[in-house]
Amino acid sequence: MTMPLDARPDVDDAALLARYARGDAAAARALTIRLVPRAQAQAFRMLGDATEAEDVVQEAMLRLWRIAPEWREGEAQVSTWLYRVVSNLCTDRLRKRPRSGMALEDVAEPEDPSPGAEARLQETARHAALRAAISDLPERQRMALTLRHFEGASNPEIAAALGVSVEAVESLTARAKRALAQALKGRVAALGYEG
């Protein structure tokens with residue numbers, strides 16, 4: 001079994017390019033396998049865009065194939081030549097990109113998405129008020145409400161857990177919600193809700 005050209009250390013890039021110039025398609029494949037991944041990484045680092053990097057490397061490889069018949073071995077390494085072409089093509093693209101025309105100092109800082117101290121305190125007060133109001137509910141209402149809205153249990157599951165009918169669960173949760181609304185009614189403004 002013969003080793004593929006790209007894996008053979010005894011065949012250098014210039015020899016592969018010369019073979020390609022004489023019509024050897026396997027040499028072109030081998031050079032592509034050897035050179036494209038590093039060229040692609042270089043272009044991506046410079047441009048920050050995978051599609052643009054792909055376009056640049058494709059253009060650079062086309063240029064390499066076009067100059068193959070005139071390549072003079074020993075003047076430069078094929079990989080060095082290719083990476084220089086990739087670099088130049090990337091630089092050209094970067095120059096053509098529109099500039100925002102805005103100084104860095106003029107760019108606003110992005111807003112912090114996390115809630116501020118006041119919002120966190122408000123949320124803590126809301127949770128404390130809700131816990132207190134729930135703890136004042138009769139036991140079966142408290143259990144039905146907790147299982148339904150905090151544990152995510154279905155009405156049939158709650159009915160089985162409490163040993164009651166599904167209709168009784170619906171009644172228990174409805175009464176618990178009304179009792180909570182009544183208990184928290186006087187604290188709407190204090191908890192930061194609009195009345």
# chains A, B, ... in the order shown; residues from 1 in each chain; ligands from 1
call {"tool": "residues_around", "arguments": {"residues": "Leu64 (chain A)", "least_positions_apart": "4", "cutoff": "10 Å", "atoms": "only C-alpha atoms", "output": "CSV table (one decimal) with N, CA and C atoms, in the first residue's frame"}}
result
chain,number,residue,atom,x,y,z
A,17,LEU,N,4.1,21.0,-6.4
A,17,LEU,CA,3.6,22.1,-7.3
A,17,LEU,C,4.1,21.8,-8.7
A,58,GLN,N,-9.4,30.4,-1.0
A,58,GLN,CA,-9.8,29.9,-2.3
A,58,GLN,C,-9.1,30.7,-3.4
A,59,GLU,N,-9.1,32.0,-3.2
A,59,GLU,CA,-8.5,33.0,-4.1
A,59,GLU,C,-7.0,32.7,-4.1
A,60,ALA,N,-6.4,32.6,-3.0
A,60,ALA,CA,-4.9,32.3,-2.8
A,60,ALA,C,-4.5,31.0,-3.5
A,68,ALA,N,1.9,28.1,-11.0
A,68,ALA,CA,2.6,26.8,-10.9
A,68,ALA,C,3.6,26.5,-12.0
A,69,PRO,N,3.2,26.8,-13.3
A,69,PRO,CA,4.1,26.5,-14.4
A,69,PRO,C,5.4,27.4,-14.3
A,71,TRP,N,6.8,28.5,-11.5
A,71,TRP,CA,7.4,28.4,-10.2
A,71,TRP,C,8.9,28.0,-10.3
A,78,VAL,N,6.8,27.2,-1.0
A,78,VAL,CA,5.5,27.3,-1.4
A,78,VAL,C,4.5,27.8,-0.3
A,81,TRP,N,5.0,31.5,0.4
A,81,TRP,CA,4.4,32.3,-0.7
A,81,TRP,C,2.9,32.4,-0.4
A,82,LEU,N,2.3,31.2,-0.2
A,82,LEU,CA,0.8,31.1,0.0
A,82,LEU,C,0.4,32.0,1.2
A,85,VAL,N,0.4,35.6,0.4
A,85,VAL,CA,-0.7,36.0,-0.5
A,85,VAL,C,-2.0,36.0,0.4
call {"tool": "residues_around", "arguments": {"residues": "Ala18 (chain A)", "least_positions_apart": "3", "cutoff": "10 Å", "atoms": "only C-alpha atoms", "output": "JSON, numbers by chain"}}
result
{"A": [13, 14, 15, 21, 22, 23, 24, 27, 28, 68, 69, 70, 71, 72, 73]}
call {"tool": "select_by_dssp", "arguments": {"residues": "region 65-148 of chain A", "states": "helix (DSSP H, G or I)", "output": "ChimeraX atom specification"}}
result
/A:65-70,78-96,104-106,117-135,139-148
call {"tool": "residues_around", "arguments": {"residues": "Asp49 (chain A)", "least_positions_apart": "6", "cutoff": "12 Å", "atoms": "only C-alpha atoms", "output": "PDB file with N, CA, C and O atoms, in the first residue's frame"}}
result
ATOM      1  N   GLN A  40      -6.266  28.649   6.093  1.00  0.00           N
ATOM      2  CA  GLN A  40      -7.627  28.952   6.574  1.00  0.00           C
ATOM      3  C   GLN A  40      -7.563  29.518   7.994  1.00  0.00           C
ATOM      4  O   GLN A  40      -8.235  30.506   8.298  1.00  0.00           O
ATOM      5  N   ALA A  41      -6.767  28.925   8.842  1.00  0.00           N
ATOM      6  CA  ALA A  41      -6.633  29.410  10.225  1.00  0.00           C
ATOM      7  C   ALA A  41      -6.047  30.820  10.243  1.00  0.00           C
ATOM      8  O   ALA A  41      -6.507  31.684  11.005  1.00  0.00           O
ATOM      9  N   GLN A  42      -5.046  31.059   9.393  1.00  0.00           N
ATOM     10  CA  GLN A  42      -4.439  32.387   9.320  1.00  0.00           C
ATOM     11  C   GLN A  42      -5.468  33.424   8.877  1.00  0.00           C
ATOM     12  O   GLN A  42      -5.595  34.492   9.474  1.00  0.00           O
ATOM     13  N   ALA A  43      -6.229  33.113   7.836  1.00  0.00           N
ATOM     14  CA  ALA A  43      -7.229  34.055   7.315  1.00  0.00           C
ATOM     15  C   ALA A  43      -8.323  34.310   8.346  1.00  0.00           C
ATOM     16  O   ALA A  43      -8.761  35.452   8.534  1.00  0.00           O
ATOM     17  N   ASP A  55     -13.166  32.295   1.381  1.00  0.00           N
ATOM     18  CA  ASP A  55     -13.044  32.981   0.092  1.00  0.00           C
ATOM     19  C   ASP A  55     -11.596  33.388  -0.177  1.00  0.00           C
ATOM     20  O   ASP A  55     -11.091  33.230  -1.294  1.00  0.00           O
ATOM     21  N   VAL A  56     -10.939  33.915   0.831  1.00  0.00           N
ATOM     22  CA  VAL A  56      -9.559  34.366   0.679  1.00  0.00           C
ATOM     23  C   VAL A  56      -8.643  33.193   0.342  1.00  0.00           C
ATOM     24  O   VAL A  56      -7.808  33.275  -0.563  1.00  0.00           O
ATOM     25  N   CYS A  90      -6.189  39.282   2.882  1.00  0.00           N
ATOM     26  CA  CYS A  90      -6.920  39.652   4.110  1.00  0.00           C
ATOM     27  C   CYS A  90      -6.772  41.146   4.389  1.00  0.00           C
ATOM     28  O   CYS A  90      -7.755  41.820   4.728  1.00  0.00           O
ATOM     29  N   ARG A  93      -9.032  43.101   2.172  1.00  0.00           N
ATOM     30  CA  ARG A  93     -10.434  43.035   2.613  1.00  0.00           C
ATOM     31  C   ARG A  93     -10.666  43.918   3.832  1.00  0.00           C
ATOM     32  O   ARG A  93     -11.701  44.569   3.939  1.00  0.00           O
ATOM     33  N   LEU A  94      -9.719  43.898   4.749  1.00  0.00           N
ATOM     34  CA  LEU A  94      -9.876  44.718   5.957  1.00  0.00           C
ATOM     35  C   LEU A  94      -9.882  46.206   5.613  1.00  0.00           C
ATOM     36  O   LEU A  94     -10.624  46.984   6.217  1.00  0.00           O
TER      37      LEU A  94
END
call {"tool": "closest_residue", "arguments": {"among": "A:Ala76, A:Met143, A:Leu47, A:Val11", "to": "Leu31 (chain A)", "atoms": "only C-alpha atoms"}}
result
A:Val11
call {"tool": "closest_residue", "arguments": {"among": "A:Tyr20, A:Tyr83, A:Ala25, A:Glu52", "to": "Ile67 (chain A)", "atoms": "only C-alpha atoms"}}
result
A:Tyr20
call {"tool": "residues_around", "arguments": {"residues": "Pro156 (chain A)", "least_positions_apart": "6", "cutoff": "10 Å", "atoms": "only C-alpha atoms", "output": "list of chain:residue names"}}
result
A:Leu162, A:Val164, A:Ser165, A:Val166, A:Glu167, A:Val169, A:Glu170
call {"tool": "write_last_selection", "arguments": {"atoms": "N, CA, C and O atoms", "output": "tab-separated table (two decimals), in the first residue's frame"}}
result
chain	number	residue	atom	x	y	z
A	162	LEU	N	-52.62	13.87	47.84
A	162	LEU	CA	-53.44	14.35	48.96
A	162	LEU	C	-54.60	13.41	49.30
A	162	LEU	O	-55.27	13.61	50.31
A	164	VAL	N	-57.41	13.05	47.49
A	164	VAL	CA	-58.68	13.73	47.20
A	164	VAL	C	-58.95	13.62	45.71
A	164	VAL	O	-58.11	13.16	44.94
A	165	SER	N	-60.11	14.09	45.26
A	165	SER	CA	-60.44	14.06	43.84
A	165	SER	C	-59.76	15.21	43.11
A	165	SER	O	-59.31	16.18	43.73
A	166	VAL	N	-59.73	15.12	41.79
A	166	VAL	CA	-59.15	16.19	40.97
A	166	VAL	C	-59.94	17.48	41.16
A	166	VAL	O	-59.35	18.57	41.23
A	167	GLU	N	-61.26	17.36	41.28
A	167	GLU	CA	-62.10	18.55	41.49
A	167	GLU	C	-61.73	19.22	42.81
A	167	GLU	O	-61.72	20.45	42.90
A	169	VAL	N	-58.81	19.19	44.21
A	169	VAL	CA	-57.53	19.85	44.00
A	169	VAL	C	-57.75	21.20	43.34
A	169	VAL	O	-57.17	22.22	43.74
A	170	GLU	N	-58.60	21.24	42.31
A	170	GLU	CA	-58.89	22.49	41.62
A	170	GLU	C	-59.48	23.51	42.59
A	170	GLU	O	-59.12	24.69	42.57
call {"tool": "closest_residue", "arguments": {"among": "A:Leu121, A:Ala26, A:Ala133, A:Val86", "to": "Phe44 (chain A)", "atoms": "only C-alpha atoms"}}
result
A:Val86
call {"tool": "atom_distance", "arguments": {"atom1": "CA of Arg140 (chain A)", "atom2": "CA of Thr124 (chain A)"}}
result
25.9 Å
call {"tool": "atom_distance", "arguments": {"atom1": "CA of Ser79 (chain A)", "atom2": "CA of Val57 (chain A)"}}
result
12.3 Å
call {"tool": "closest_residue", "arguments": {"among": "A:Arg38, A:Pro138, A:Glu118, A:Trp65", "to": "Arg19 (chain A)", "atoms": "only C-alpha atoms"}}
result
A:Trp65
